[in-house]
file final.tsv (TSV, C-alpha atoms)
chain	number	residue	atom	x	y	z
A	1	MET	CA	-49.83	-80.50	25.21
A	2	LYS	CA	-51.54	-78.14	27.63
A	3	THR	CA	-50.13	-75.35	29.78
A	4	VAL	CA	-51.31	-73.28	32.73
A	5	CYS	CA	-49.54	-70.35	34.42
A	6	ARG	CA	-50.26	-68.86	37.83
A	7	THR	CA	-48.63	-66.18	39.97
A	8	ASP	CA	-49.77	-64.86	43.33
A	9	ARG	CA	-48.41	-62.11	45.58
A	10	GLY	CA	-48.84	-64.28	48.64
A	11	LYS	CA	-50.19	-63.17	52.01
A	12	ILE	CA	-47.30	-61.03	53.28
A	13	ARG	CA	-45.47	-59.28	50.45
A	14	SER	CA	-46.78	-55.94	49.15
A	15	LEU	CA	-45.27	-56.50	45.69
A	16	ASN	CA	-45.10	-59.47	43.35
A	17	GLU	CA	-41.55	-59.75	41.97
A	18	ASP	CA	-42.23	-63.05	40.17
A	19	ARG	CA	-42.98	-63.35	36.46
A	20	VAL	CA	-44.20	-66.32	34.42
A	21	GLY	CA	-45.09	-67.04	30.81
A	22	VAL	CA	-45.38	-69.67	28.11
A	23	PHE	CA	-44.46	-68.68	24.57
A	24	THR	CA	-44.53	-70.39	21.16
A	25	ASN	CA	-41.93	-69.99	18.41
A	26	LYS	CA	-42.45	-70.12	14.64
A	27	ALA	CA	-42.10	-73.91	14.69
A	28	GLY	CA	-44.88	-74.21	17.28
A	29	VAL	CA	-42.53	-75.28	20.08
A	30	LEU	CA	-43.29	-74.07	23.60
A	31	LEU	CA	-40.98	-72.24	25.99
A	32	ALA	CA	-42.09	-72.03	29.65
A	33	VAL	CA	-40.38	-69.45	31.88
A	34	VAL	CA	-40.44	-68.53	35.57
A	35	ALA	CA	-38.37	-65.63	36.96
A	36	ASP	CA	-38.18	-64.57	40.62
A	37	GLY	CA	-36.81	-61.08	41.24
A	38	MET	CA	-34.18	-61.23	43.94
A	39	GLY	CA	-35.64	-60.52	47.37
A	40	GLY	CA	-33.85	-57.80	49.34
A	41	HIS	CA	-32.51	-56.21	46.18
A	42	LYS	CA	-33.81	-53.06	44.56
A	43	ALA	CA	-36.08	-53.45	41.54
A	44	GLY	CA	-36.36	-57.23	41.62
A	45	ASP	CA	-39.60	-56.88	39.69
A	46	VAL	CA	-37.79	-54.90	36.99
A	47	ALA	CA	-35.19	-57.66	36.60
A	48	SER	CA	-37.75	-60.48	36.40
A	49	GLU	CA	-39.93	-58.52	33.95
A	50	MET	CA	-36.92	-57.80	31.74
A	51	ALA	CA	-35.89	-61.45	31.80
A	52	LEU	CA	-39.35	-62.63	30.75
A	53	THR	CA	-39.78	-59.98	28.04
A	54	LEU	CA	-36.32	-60.41	26.54
A	55	ILE	CA	-36.38	-64.19	26.42
A	56	ARG	CA	-39.80	-64.06	24.77
A	57	GLN	CA	-38.48	-61.69	22.12
A	58	LEU	CA	-35.58	-64.03	21.42
A	59	TRP	CA	-37.73	-67.19	21.33
A	60	GLU	CA	-40.72	-66.27	19.20
A	61	PRO	CA	-38.81	-65.71	15.91
A	62	THR	CA	-36.84	-68.96	16.13
A	63	GLU	CA	-37.48	-72.00	13.92
A	64	ASP	CA	-34.52	-74.40	14.21
A	65	THR	CA	-35.44	-76.20	17.43
A	66	ASP	CA	-35.74	-79.82	16.29
A	67	THR	CA	-32.89	-81.27	18.35
A	68	PRO	CA	-31.70	-81.03	21.96
A	69	GLU	CA	-28.39	-79.65	20.68
A	70	ALA	CA	-30.15	-76.81	18.84
A	71	CYS	CA	-32.29	-75.96	21.85
A	72	GLU	CA	-29.34	-76.01	24.24
A	73	LYS	CA	-27.33	-73.77	21.90
A	74	TRP	CA	-30.22	-71.30	21.63
A	75	MET	CA	-30.72	-71.25	25.38
A	76	ARG	CA	-27.03	-70.82	26.16
A	77	GLU	CA	-26.63	-67.89	23.73
A	78	SER	CA	-29.93	-66.24	24.60
A	79	ILE	CA	-29.40	-66.30	28.35
A	80	GLN	CA	-26.09	-64.49	27.94
A	81	LYS	CA	-27.84	-61.77	25.91
A	82	VAL	CA	-30.55	-61.42	28.54
A	83	ASN	CA	-27.97	-61.34	31.32
A	84	LYS	CA	-26.05	-58.52	29.59
A	85	GLU	CA	-29.21	-56.45	29.05
A	86	ILE	CA	-30.23	-56.71	32.70
A	87	LEU	CA	-26.73	-55.98	33.98
A	88	ASP	CA	-26.29	-52.99	31.65
A	89	TYR	CA	-29.65	-51.60	32.70
A	90	ALA	CA	-28.82	-52.00	36.39
A	91	ASN	CA	-25.46	-50.30	35.94
A	92	THR	CA	-26.98	-47.30	34.15
A	93	HIS	CA	-30.00	-46.83	36.43
A	94	PRO	CA	-28.93	-46.10	40.02
A	95	ASP	CA	-32.35	-47.04	41.43
A	96	CYS	CA	-31.91	-50.53	39.94
A	97	TYR	CA	-28.29	-51.13	40.89
A	98	GLY	CA	-27.80	-54.60	42.35
A	99	MET	CA	-31.05	-56.04	41.02
A	100	GLY	CA	-31.18	-59.60	39.75
A	101	THR	CA	-33.49	-62.52	39.16
A	102	THR	CA	-33.60	-66.27	39.18
A	103	LEU	CA	-34.63	-67.96	35.97
A	104	VAL	CA	-35.88	-71.42	35.10
A	105	CYS	CA	-37.01	-72.18	31.56
A	106	ALA	CA	-37.98	-75.25	29.56
A	107	VAL	CA	-38.16	-75.76	25.80
A	108	CYS	CA	-40.99	-78.28	25.58
A	109	HIS	CA	-40.51	-80.36	22.44
A	110	ASP	CA	-42.81	-83.31	21.82
A	111	ARG	CA	-39.91	-85.79	22.24
A	112	PHE	CA	-37.66	-84.01	24.74
A	113	VAL	CA	-37.40	-81.05	27.07
A	114	THR	CA	-34.42	-78.72	27.39
A	115	VAL	CA	-34.22	-77.18	30.86
A	116	GLY	CA	-32.10	-74.26	32.01
A	117	ASN	CA	-31.87	-72.64	35.43
A	118	ILE	CA	-29.96	-70.11	37.46
A	119	GLY	CA	-30.79	-69.45	41.10
A	120	ASP	CA	-33.27	-71.46	43.15
A	121	SER	CA	-36.39	-71.54	40.96
A	122	ARG	CA	-37.00	-75.16	40.01
A	123	CYS	CA	-38.29	-77.55	37.36
A	124	TYR	CA	-39.74	-80.98	38.18
A	125	LEU	CA	-40.82	-83.90	36.00
A	126	ALA	CA	-43.73	-86.02	37.21
A	127	ASN	CA	-45.42	-89.13	35.89
A	128	ALA	CA	-46.97	-92.29	37.33
A	129	ASP	CA	-43.51	-93.74	38.01
A	130	GLN	CA	-41.51	-90.82	39.39
A	131	PHE	CA	-41.30	-87.27	40.70
A	132	LYS	CA	-37.89	-85.86	39.84
A	133	GLN	CA	-36.26	-82.47	40.35
A	134	LEU	CA	-34.54	-81.59	37.07
A	135	THR	CA	-32.70	-78.53	38.39
A	136	ASP	CA	-30.11	-77.89	41.07
A	137	ASP	CA	-30.52	-74.91	43.44
A	138	HIS	CA	-27.67	-72.42	43.19
A	139	SER	CA	-27.83	-71.53	46.86
A	140	LEU	CA	-25.40	-71.56	49.76
A	141	VAL	CA	-27.59	-73.95	51.72
A	142	ASN	CA	-27.70	-76.44	48.85
A	143	GLU	CA	-23.92	-76.39	48.66
A	144	LEU	CA	-23.78	-77.16	52.39
A	145	VAL	CA	-26.12	-80.12	51.81
A	146	LYS	CA	-24.08	-81.45	48.88
A	147	SER	CA	-20.84	-81.17	50.86
A	148	GLY	CA	-22.37	-83.05	53.79
A	149	GLN	CA	-22.12	-80.15	56.24
A	150	ILE	CA	-25.86	-80.14	56.90
A	151	LYS	CA	-28.70	-82.57	56.21
A	152	LYS	CA	-31.42	-81.91	53.64
A	153	GLU	CA	-33.99	-81.67	56.43
A	154	GLU	CA	-31.93	-78.95	58.13
A	155	ALA	CA	-31.82	-76.94	54.90
A	156	GLU	CA	-35.59	-76.51	54.81
A	157	ASN	CA	-35.62	-73.90	57.59
A	158	HIS	CA	-31.99	-72.79	57.59
A	159	PRO	CA	-31.43	-69.07	58.42
A	160	ILE	CA	-29.30	-68.51	55.29
A	161	LYS	CA	-31.63	-70.38	52.97
A	162	ASN	CA	-32.27	-67.35	50.77
A	163	ILE	CA	-28.61	-66.64	49.95
A	164	LEU	CA	-28.05	-67.34	46.24
A	165	LEU	CA	-24.69	-68.13	44.68
A	166	ARG	CA	-25.89	-67.39	41.15
A	167	ALA	CA	-28.49	-65.08	39.64
A	168	LEU	CA	-29.25	-63.49	36.30
A	169	GLY	CA	-28.08	-59.93	35.79
A	170	THR	CA	-25.58	-59.73	38.64
A	171	GLU	CA	-22.33	-60.74	36.91
A	172	GLY	CA	-20.79	-60.37	33.46
A	173	GLU	CA	-21.40	-64.03	32.64
A	174	ALA	CA	-24.49	-66.01	33.57
A	175	LYS	CA	-23.50	-69.48	34.82
A	176	MET	CA	-26.64	-71.37	33.92
A	177	ASP	CA	-27.18	-75.13	34.04
A	178	ILE	CA	-28.64	-76.46	30.77
A	179	HIS	CA	-29.51	-80.05	29.84
A	180	SER	CA	-32.06	-82.10	27.92
A	181	ILE	CA	-34.03	-85.24	28.78
A	182	GLY	CA	-36.57	-87.37	26.94
A	183	VAL	CA	-40.28	-87.04	27.69
A	184	GLN	CA	-43.30	-89.20	27.00
A	185	GLU	CA	-47.07	-88.98	26.86
A	186	GLY	CA	-48.62	-88.27	30.24
A	187	ASP	CA	-45.61	-86.47	31.70
A	188	TYR	CA	-46.03	-83.28	33.71
A	189	LEU	CA	-43.51	-80.48	34.05
A	190	ILE	CA	-43.78	-77.91	36.80
A	191	LEU	CA	-41.60	-74.80	36.83
A	192	CYS	CA	-41.90	-72.76	40.00
A	193	SER	CA	-40.42	-70.14	42.29
A	194	ASP	CA	-39.29	-70.92	45.82
A	195	GLY	CA	-42.47	-69.36	47.16
A	196	LEU	CA	-44.09	-72.67	46.26
A	197	THR	CA	-41.34	-75.17	47.10
A	198	ASN	CA	-40.53	-73.55	50.46
A	199	LYS	CA	-44.09	-74.21	51.61
A	200	VAL	CA	-45.41	-77.26	49.74
A	201	SER	CA	-43.51	-80.54	50.08
A	202	ASP	CA	-42.40	-82.70	47.15
A	203	ARG	CA	-44.89	-85.34	48.26
A	204	GLU	CA	-47.77	-82.87	48.17
A	205	LEU	CA	-46.66	-81.49	44.79
A	206	TYR	CA	-46.59	-85.00	43.37
A	207	GLU	CA	-49.97	-85.96	44.81
A	208	ILE	CA	-51.67	-82.86	43.43
A	209	LEU	CA	-50.09	-83.26	39.98
A	210	LEU	CA	-51.31	-86.86	39.72
A	211	SER	CA	-54.77	-86.13	41.11
A	212	ASP	CA	-57.98	-86.20	39.06
A	213	LEU	CA	-58.26	-82.40	39.08
A	214	SER	CA	-58.04	-80.45	35.83
A	215	LEU	CA	-54.73	-78.76	35.06
A	216	GLU	CA	-56.20	-75.38	36.00
A	217	GLU	CA	-57.52	-76.80	39.28
A	218	LYS	CA	-54.14	-78.33	40.07
A	219	ALA	CA	-52.42	-74.96	39.58
A	220	ASP	CA	-54.99	-73.19	41.75
A	221	ARG	CA	-54.71	-75.87	44.43
A	222	LEU	CA	-50.93	-75.50	44.61
A	223	ILE	CA	-51.14	-71.72	44.97
A	224	ARG	CA	-53.83	-72.06	47.63
A	225	GLN	CA	-51.80	-74.66	49.53
A	226	ALA	CA	-48.72	-72.40	49.71
A	227	ASN	CA	-50.87	-69.55	50.98
A	228	GLU	CA	-52.54	-71.77	53.57
A	229	TYR	CA	-49.07	-72.70	54.86
A	230	GLY	CA	-48.17	-69.05	55.38
A	231	GLY	CA	-47.74	-67.46	51.95
A	232	GLU	CA	-44.75	-65.40	53.10
A	233	ASP	CA	-43.35	-65.10	49.56
A	234	ASN	CA	-44.64	-64.62	46.03
A	235	ILE	CA	-45.86	-67.93	44.58
A	236	THR	CA	-45.49	-68.70	40.88
A	237	LEU	CA	-45.74	-71.77	38.66
A	238	ALA	CA	-46.09	-72.98	35.10
A	239	LEU	CA	-47.55	-76.43	34.45
A	240	VAL	CA	-47.04	-78.36	31.21
A	241	HIS	CA	-48.90	-81.59	30.52
A	242	TYR	CA	-47.70	-83.84	27.71
A	243	ASP	CA	-51.08	-85.00	26.42
A	244	PRO	CA	-51.58	-85.13	22.63
A	245	SER	CA	-55.36	-84.81	23.04
A	246	GLU	CA	-54.98	-81.32	24.50
A	247	LYS	CA	-53.99	-78.18	22.64
A	248	VAL	CA	-52.06	-75.24	24.04
A	249	GLY	CA	-54.26	-72.68	25.72
A	250	GLU	CA	-57.35	-74.89	26.00

call {"tool": "encode", "arguments": {"input": "final.tsv", "output": "C-alpha cells"}}
result
Amino acid sequence: MKTVCRTDRGKIRSLNEDRVGVFTNKAGVLLAVVADGMGGHKAGDVASEMALTLIRQLWEPTEDTDTPEACEKWMRESIQKVNKEILDYANTHPDCYGMGTTLVCAVCHDRFVTVGNIGDSRCYLANADQFKQLTDDHSLVNELVKSGQIKKEEAENHPIKNILLRALGTEGEAKMDIHSIGVQEGDYLILCSDGLTNKVSDRELYEILLSDLSLEEKADRLIRQANEYGGEDNITLALVHYDPSEKVGE
C-alpha cells in the first residue's frame, strides 16, 4: 500500500485553510485525513489544523482495528471528541468564534476501508471497473439535487454551492456519515477537498488515477489541473493505492 499527500494554496487565496495527513497506528493500519477549514469563517485554518492534530493523536495509540465494526466505533467516538475540542476552543477564543472544518477520513485496512465524512470534502474509490464516490456532500445544493429541485449539472455552478449543512466544530454533536466497504488489490482511494472536485471532473479524476503515471505524478497532475482551471480555492488530496508490492512512504 502506498500513499501520497498534496496540498496547494491555489492561485487566488492568500491562505491555505486545508490540512492533510496519513498516519499509522500501533497495528500498522493507515488513517488518511483531509480537512478543509470553512471558507468565510474566522480561523478556518485553526479548525482544520486542530482536526488533523487531534485525530492523529487519537489514532496512533490504537491497536484494535481488525474489523469494520471496531474501526467504525473508533471513528464515531473519536470524531465526537474532536468536535468537542474544536467547539470548546472556538467558544473560548473570540477571534475563532464560528470557525469550523469539513473532514473526510479513511481507515485503510488491507481487506476493507472505513470512511467517514462531514461537509463536502470527498472520498472516491477507483479501479479498472469503476469510479465511485463513497461520500455524500452535506451541502444545501446537494440536498436540492437529491430532492429533484435542481439537476446535478445545475449544481456545479450554483450560487449557493458553498453553503454547508454540516461541519465539524460548529454544533454540540457532529453528524458524520460512517460506513465500511471491501477493497481489493489495485484499488485507489482519493480523499480531497472541494478545491479539487469543483474544478476537475470525475472523468478527468478517473483518467488520471488509472494512467501510467507514478502515484506522486498523479497527485501533482491533479493539483496542476485544478490550478490550470482557475485555482480559486485551496486544493488538497490524499491518494492511497492498494498494491502489496509497495510500502507506505516509498

call {"tool": "residues_around", "arguments": {"input": "final.tsv", "residues": "range 10-25 of chain A", "least_positions_apart": "3", "cutoff": "6 Å", "atoms": "all atoms listed in the file", "output": "PyMOL selection string"}}
result
chain A and resi 28-37+44-45+48+59-62+231-234

call {"tool": "residues_around", "arguments": {"input": "final.tsv", "residues": "range 162-169 of chain A", "least_positions_apart": "3", "cutoff": "6 Å", "atoms": "only C-alpha atoms", "output": "ChimeraX atom specification"}}
result
/A:83,86-87,100-102,118-119,138-140

call {"tool": "residues_around", "arguments": {"input": "final.tsv", "residues": "Ile223 in chain A", "least_positions_apart": "5", "cutoff": "12 Å", "atoms": "all atoms listed in the file", "output": "PyMOL selection string"}}
result
chain A and resi 5-11+192-197+199-200+205+208+216-218+228-231+233-238

call {"tool": "write_last_selection", "arguments": {"input": "final.tsv", "atoms": "C-alpha atoms", "output": "compact mmCIF listing (two decimals), in the coordinates of the input"}}
result
# COMPACT_ATOMS: atom_id res chain seq x y z
CA CYS A 5 -49.54 -70.35 34.42
CA ARG A 6 -50.26 -68.86 37.83
CA THR A 7 -48.63 -66.18 39.97
CA ASP A 8 -49.77 -64.86 43.33
CA ARG A 9 -48.41 -62.11 45.58
CA GLY A 10 -48.84 -64.28 48.64
CA LYS A 11 -50.19 -63.17 52.01
CA CYS A 192 -41.90 -72.76 40.00
CA SER A 193 -40.42 -70.14 42.29
CA ASP A 194 -39.29 -70.92 45.82
CA GLY A 195 -42.47 -69.36 47.16
CA LEU A 196 -44.09 -72.67 46.26
CA THR A 197 -41.34 -75.17 47.10
CA LYS A 199 -44.09 -74.21 51.61
CA VAL A 200 -45.41 -77.26 49.74
CA LEU A 205 -46.66 -81.49 44.79
CA ILE A 208 -51.67 -82.86 43.43
CA GLU A 216 -56.20 -75.38 36.00
CA GLU A 217 -57.52 -76.80 39.28
CA LYS A 218 -54.14 -78.33 40.07
CA GLU A 228 -52.54 -71.77 53.57
CA TYR A 229 -49.07 -72.70 54.86
CA GLY A 230 -48.17 -69.05 55.38
CA GLY A 231 -47.74 -67.46 51.95
CA ASP A 233 -43.35 -65.10 49.56
CA ASN A 234 -44.64 -64.62 46.03
CA ILE A 235 -45.86 -67.93 44.58
CA THR A 236 -45.49 -68.70 40.88
CA LEU A 237 -45.74 -71.77 38.66
CA ALA A 238 -46.09 -72.98 35.10

call {"tool": "closest_residue", "arguments": {"input": "final.tsv", "among": "A:Leu125, A:Ile181, A:Val4, A:Met176", "to": "Ser78 in chain A", "atoms": "all atoms listed in the file"}}
result
A:Met176

call {"tool": "residues_around", "arguments": {"input": "final.tsv", "residues": "Asp88 in chain A", "least_positions_apart": "5", "cutoff": "10 Å", "atoms": "all atoms listed in the file", "output": "JSON, numbers by chain"}}
result
{"A": [82, 83, 93, 97, 169, 170, 172]}

call {"tool": "closest_residue", "arguments": {"input": "final.tsv", "among": "A:Leu210, A:Ala226, A:Leu189, A:Met38", "to": "Asp129 in chain A", "atoms": "all atoms listed in the file"}}
result
A:Leu210

call {"tool": "atom_distance", "arguments": {"input": "final.tsv", "atom1": "CA of Lys152 in chain A", "atom2": "CA of Lys175 in chain A"}}
result
23.9 Å

call {"tool": "residues_around", "arguments": {"input": "final.tsv", "residues": "Ser180 in chain A", "least_positions_apart": "6", "cutoff": "12 Å", "atoms": "all atoms listed in the file", "output": "compact mmCIF listing (two decimals) with C-alpha atoms, in the coordinates of the input"}}
result
# COMPACT_ATOMS: atom_id res chain seq x y z
CA THR A 67 -32.89 -81.27 18.35
CA PRO A 68 -31.70 -81.03 21.96
CA GLU A 69 -28.39 -79.65 20.68
CA ALA A 70 -30.15 -76.81 18.84
CA CYS A 71 -32.29 -75.96 21.85
CA GLU A 72 -29.34 -76.01 24.24
CA LYS A 73 -27.33 -73.77 21.90
CA MET A 75 -30.72 -71.25 25.38
CA CYS A 105 -37.01 -72.18 31.56
CA ALA A 106 -37.98 -75.25 29.56
CA VAL A 107 -38.16 -75.76 25.80
CA CYS A 108 -40.99 -78.28 25.58
CA HIS A 109 -40.51 -80.36 22.44
CA ARG A 111 -39.91 -85.79 22.24
CA PHE A 112 -37.66 -84.01 24.74
CA VAL A 113 -37.40 -81.05 27.07
CA THR A 114 -34.42 -78.72 27.39
CA VAL A 115 -34.22 -77.18 30.86
CA GLY A 116 -32.10 -74.26 32.01
CA LEU A 134 -34.54 -81.59 37.07
CA THR A 135 -32.70 -78.53 38.39

call {"tool": "closest_residue", "arguments": {"input": "final.tsv", "among": "A:Val240, A:Ala47, A:Ile190, A:Leu103", "to": "Tyr206 in chain A", "atoms": "only C-alpha atoms"}}
result
A:Ile190

call {"tool": "atom_distance", "arguments": {"input": "final.tsv", "atom1": "CA of Asp136 in chain A", "atom2": "CA of Ser121 in chain A"}}
result
8.9 Å

call {"tool": "atom_distance", "arguments": {"input": "final.tsv", "atom1": "CA of His241 in chain A", "atom2": "CA of Leu215 in chain A"}}
result
7.9 Å

call {"tool": "decode", "arguments": {"input": "final.tsv", "residues": "range 64-162 of chain A", "atoms": "C-alpha atoms", "output": "PDB file, in the first residue's frame"}}
result
ATOM      1  CA  ASP A  64      -7.836  -2.992  17.945  1.00  0.00           C
ATOM      2  CA  THR A  65      -8.706  -2.174  14.331  1.00  0.00           C
ATOM      3  CA  ASP A  66      -9.120  -5.629  12.789  1.00  0.00           C
ATOM      4  CA  THR A  67     -12.819  -5.367  11.896  1.00  0.00           C
ATOM      5  CA  PRO A  68     -15.074  -2.802  10.218  1.00  0.00           C
ATOM      6  CA  GLU A  69     -17.136  -2.669  13.422  1.00  0.00           C
ATOM      7  CA  ALA A  70     -14.075  -1.762  15.504  1.00  0.00           C
ATOM      8  CA  CYS A  71     -12.980   0.912  13.041  1.00  0.00           C
ATOM      9  CA  GLU A  72     -16.453   2.431  12.807  1.00  0.00           C
ATOM     10  CA  LYS A  73     -16.733   2.516  16.608  1.00  0.00           C
ATOM     11  CA  TRP A  74     -13.341   4.204  16.917  1.00  0.00           C
ATOM     12  CA  MET A  75     -14.208   6.757  14.256  1.00  0.00           C
ATOM     13  CA  ARG A  76     -17.618   7.545  15.719  1.00  0.00           C
ATOM     14  CA  GLU A  77     -16.237   8.101  19.234  1.00  0.00           C
ATOM     15  CA  SER A  78     -13.120   9.953  18.113  1.00  0.00           C
ATOM     16  CA  ILE A  79     -14.934  12.406  15.865  1.00  0.00           C
ATOM     17  CA  GLN A  80     -17.179  13.434  18.748  1.00  0.00           C
ATOM     18  CA  LYS A  81     -14.089  14.130  20.884  1.00  0.00           C
ATOM     19  CA  VAL A  82     -12.513  16.183  18.115  1.00  0.00           C
ATOM     20  CA  ASN A  83     -15.757  18.064  17.538  1.00  0.00           C
ATOM     21  CA  LYS A  84     -15.993  18.980  21.238  1.00  0.00           C
ATOM     22  CA  GLU A  85     -12.387  20.200  21.364  1.00  0.00           C
ATOM     23  CA  ILE A  86     -12.847  22.458  18.348  1.00  0.00           C
ATOM     24  CA  LEU A  87     -16.180  23.812  19.560  1.00  0.00           C
ATOM     25  CA  ASP A  88     -14.845  24.472  23.073  1.00  0.00           C
ATOM     26  CA  TYR A  89     -11.822  26.256  21.649  1.00  0.00           C
ATOM     27  CA  ALA A  90     -13.977  28.415  19.380  1.00  0.00           C
ATOM     28  CA  ASN A  91     -16.292  29.332  22.249  1.00  0.00           C
ATOM     29  CA  THR A  92     -13.410  30.393  24.499  1.00  0.00           C
ATOM     30  CA  HIS A  93     -11.399  32.300  21.885  1.00  0.00           C
ATOM     31  CA  PRO A  94     -13.387  35.231  20.465  1.00  0.00           C
ATOM     32  CA  ASP A  95     -11.144  35.510  17.390  1.00  0.00           C
ATOM     33  CA  CYS A  96     -12.054  31.913  16.496  1.00  0.00           C
ATOM     34  CA  TYR A  97     -15.779  32.051  17.197  1.00  0.00           C
ATOM     35  CA  GLY A  98     -17.770  30.440  14.396  1.00  0.00           C
ATOM     36  CA  MET A  99     -14.856  28.525  12.904  1.00  0.00           C
ATOM     37  CA  GLY A 100     -15.368  25.025  11.556  1.00  0.00           C
ATOM     38  CA  THR A 101     -13.992  22.487   9.137  1.00  0.00           C
ATOM     39  CA  THR A 102     -15.026  19.710   6.832  1.00  0.00           C
ATOM     40  CA  LEU A 103     -13.491  16.316   7.455  1.00  0.00           C
ATOM     41  CA  VAL A 104     -13.119  13.178   5.388  1.00  0.00           C
ATOM     42  CA  CYS A 105     -11.099  10.267   6.730  1.00  0.00           C
ATOM     43  CA  ALA A 106     -10.450   6.657   5.769  1.00  0.00           C
ATOM     44  CA  VAL A 107      -9.115   3.774   7.842  1.00  0.00           C
ATOM     45  CA  CYS A 108      -7.291   1.777   5.174  1.00  0.00           C
ATOM     46  CA  HIS A 109      -7.232  -1.867   6.213  1.00  0.00           C
ATOM     47  CA  ASP A 110      -5.868  -4.455   3.802  1.00  0.00           C
ATOM     48  CA  ARG A 111      -9.327  -6.052   3.397  1.00  0.00           C
ATOM     49  CA  PHE A 112     -11.674  -3.088   3.853  1.00  0.00           C
ATOM     50  CA  VAL A 113     -11.832   0.665   4.213  1.00  0.00           C
ATOM     51  CA  THR A 114     -13.886   2.575   6.772  1.00  0.00           C
ATOM     52  CA  VAL A 115     -14.818   6.037   5.510  1.00  0.00           C
ATOM     53  CA  GLY A 116     -16.232   8.947   7.475  1.00  0.00           C
ATOM     54  CA  ASN A 117     -17.149  12.434   6.301  1.00  0.00           C
ATOM     55  CA  ILE A 118     -18.802  15.649   7.369  1.00  0.00           C
ATOM     56  CA  GLY A 119     -19.151  18.582   4.990  1.00  0.00           C
ATOM     57  CA  ASP A 120     -18.283  18.481   1.290  1.00  0.00           C
ATOM     58  CA  SER A 121     -14.774  17.008   1.237  1.00  0.00           C
ATOM     59  CA  ARG A 122     -14.987  13.679  -0.582  1.00  0.00           C
ATOM     60  CA  CYS A 123     -13.630  10.155  -0.862  1.00  0.00           C
ATOM     61  CA  TYR A 124     -13.662   8.167  -4.116  1.00  0.00           C
ATOM     62  CA  LEU A 125     -12.818   4.550  -4.929  1.00  0.00           C
ATOM     63  CA  ALA A 126     -11.303   3.815  -8.333  1.00  0.00           C
ATOM     64  CA  ASN A 127     -10.273   0.642 -10.107  1.00  0.00           C
ATOM     65  CA  ALA A 128     -10.367  -0.735 -13.650  1.00  0.00           C
ATOM     66  CA  ASP A 129     -14.105  -1.403 -13.352  1.00  0.00           C
ATOM     67  CA  GLN A 130     -15.487   1.663 -11.592  1.00  0.00           C
ATOM     68  CA  PHE A 131     -15.066   5.176 -10.241  1.00  0.00           C
ATOM     69  CA  LYS A 132     -17.359   5.615  -7.255  1.00  0.00           C
ATOM     70  CA  GLN A 133     -17.960   8.457  -4.815  1.00  0.00           C
ATOM     71  CA  LEU A 134     -18.067   6.900  -1.342  1.00  0.00           C
ATOM     72  CA  THR A 135     -19.231  10.034   0.471  1.00  0.00           C
ATOM     73  CA  ASP A 136     -22.285  12.271   0.296  1.00  0.00           C
ATOM     74  CA  ASP A 137     -21.867  16.073   0.321  1.00  0.00           C
ATOM     75  CA  HIS A 138     -23.549  17.719   3.297  1.00  0.00           C
ATOM     76  CA  SER A 139     -24.431  20.837   1.344  1.00  0.00           C
ATOM     77  CA  LEU A 140     -27.617  22.717   0.549  1.00  0.00           C
ATOM     78  CA  VAL A 141     -27.092  22.273  -3.182  1.00  0.00           C
ATOM     79  CA  ASN A 142     -26.728  18.506  -2.833  1.00  0.00           C
ATOM     80  CA  GLU A 143     -29.994  18.372  -0.917  1.00  0.00           C
ATOM     81  CA  LEU A 144     -31.668  20.280  -3.758  1.00  0.00           C
ATOM     82  CA  VAL A 145     -30.286  17.724  -6.225  1.00  0.00           C
ATOM     83  CA  LYS A 146     -31.453  14.751  -4.153  1.00  0.00           C
ATOM     84  CA  SER A 147     -34.935  16.235  -3.777  1.00  0.00           C
ATOM     85  CA  GLY A 148     -35.183  16.809  -7.529  1.00  0.00           C
ATOM     86  CA  GLN A 149     -35.396  20.603  -7.295  1.00  0.00           C
ATOM     87  CA  ILE A 150     -32.318  21.097  -9.457  1.00  0.00           C
ATOM     88  CA  LYS A 151     -30.285  18.866 -11.769  1.00  0.00           C
ATOM     89  CA  LYS A 152     -26.772  17.673 -10.947  1.00  0.00           C
ATOM     90  CA  GLU A 153     -25.412  19.750 -13.833  1.00  0.00           C
ATOM     91  CA  GLU A 154     -27.019  22.880 -12.369  1.00  0.00           C
ATOM     92  CA  ALA A 155     -25.368  22.224  -9.009  1.00  0.00           C
ATOM     93  CA  GLU A 156     -21.866  22.528 -10.435  1.00  0.00           C
ATOM     94  CA  ASN A 157     -22.032  26.329 -10.723  1.00  0.00           C
ATOM     95  CA  HIS A 158     -24.914  27.108  -8.375  1.00  0.00           C
ATOM     96  CA  PRO A 159     -24.590  30.426  -6.444  1.00  0.00           C
ATOM     97  CA  ILE A 160     -25.197  28.727  -3.072  1.00  0.00           C
ATOM     98  CA  LYS A 161     -22.883  25.819  -3.749  1.00  0.00           C
ATOM     99  CA  ASN A 162     -20.625  26.619  -0.789  1.00  0.00           C
TER     100      ASN A 162
END
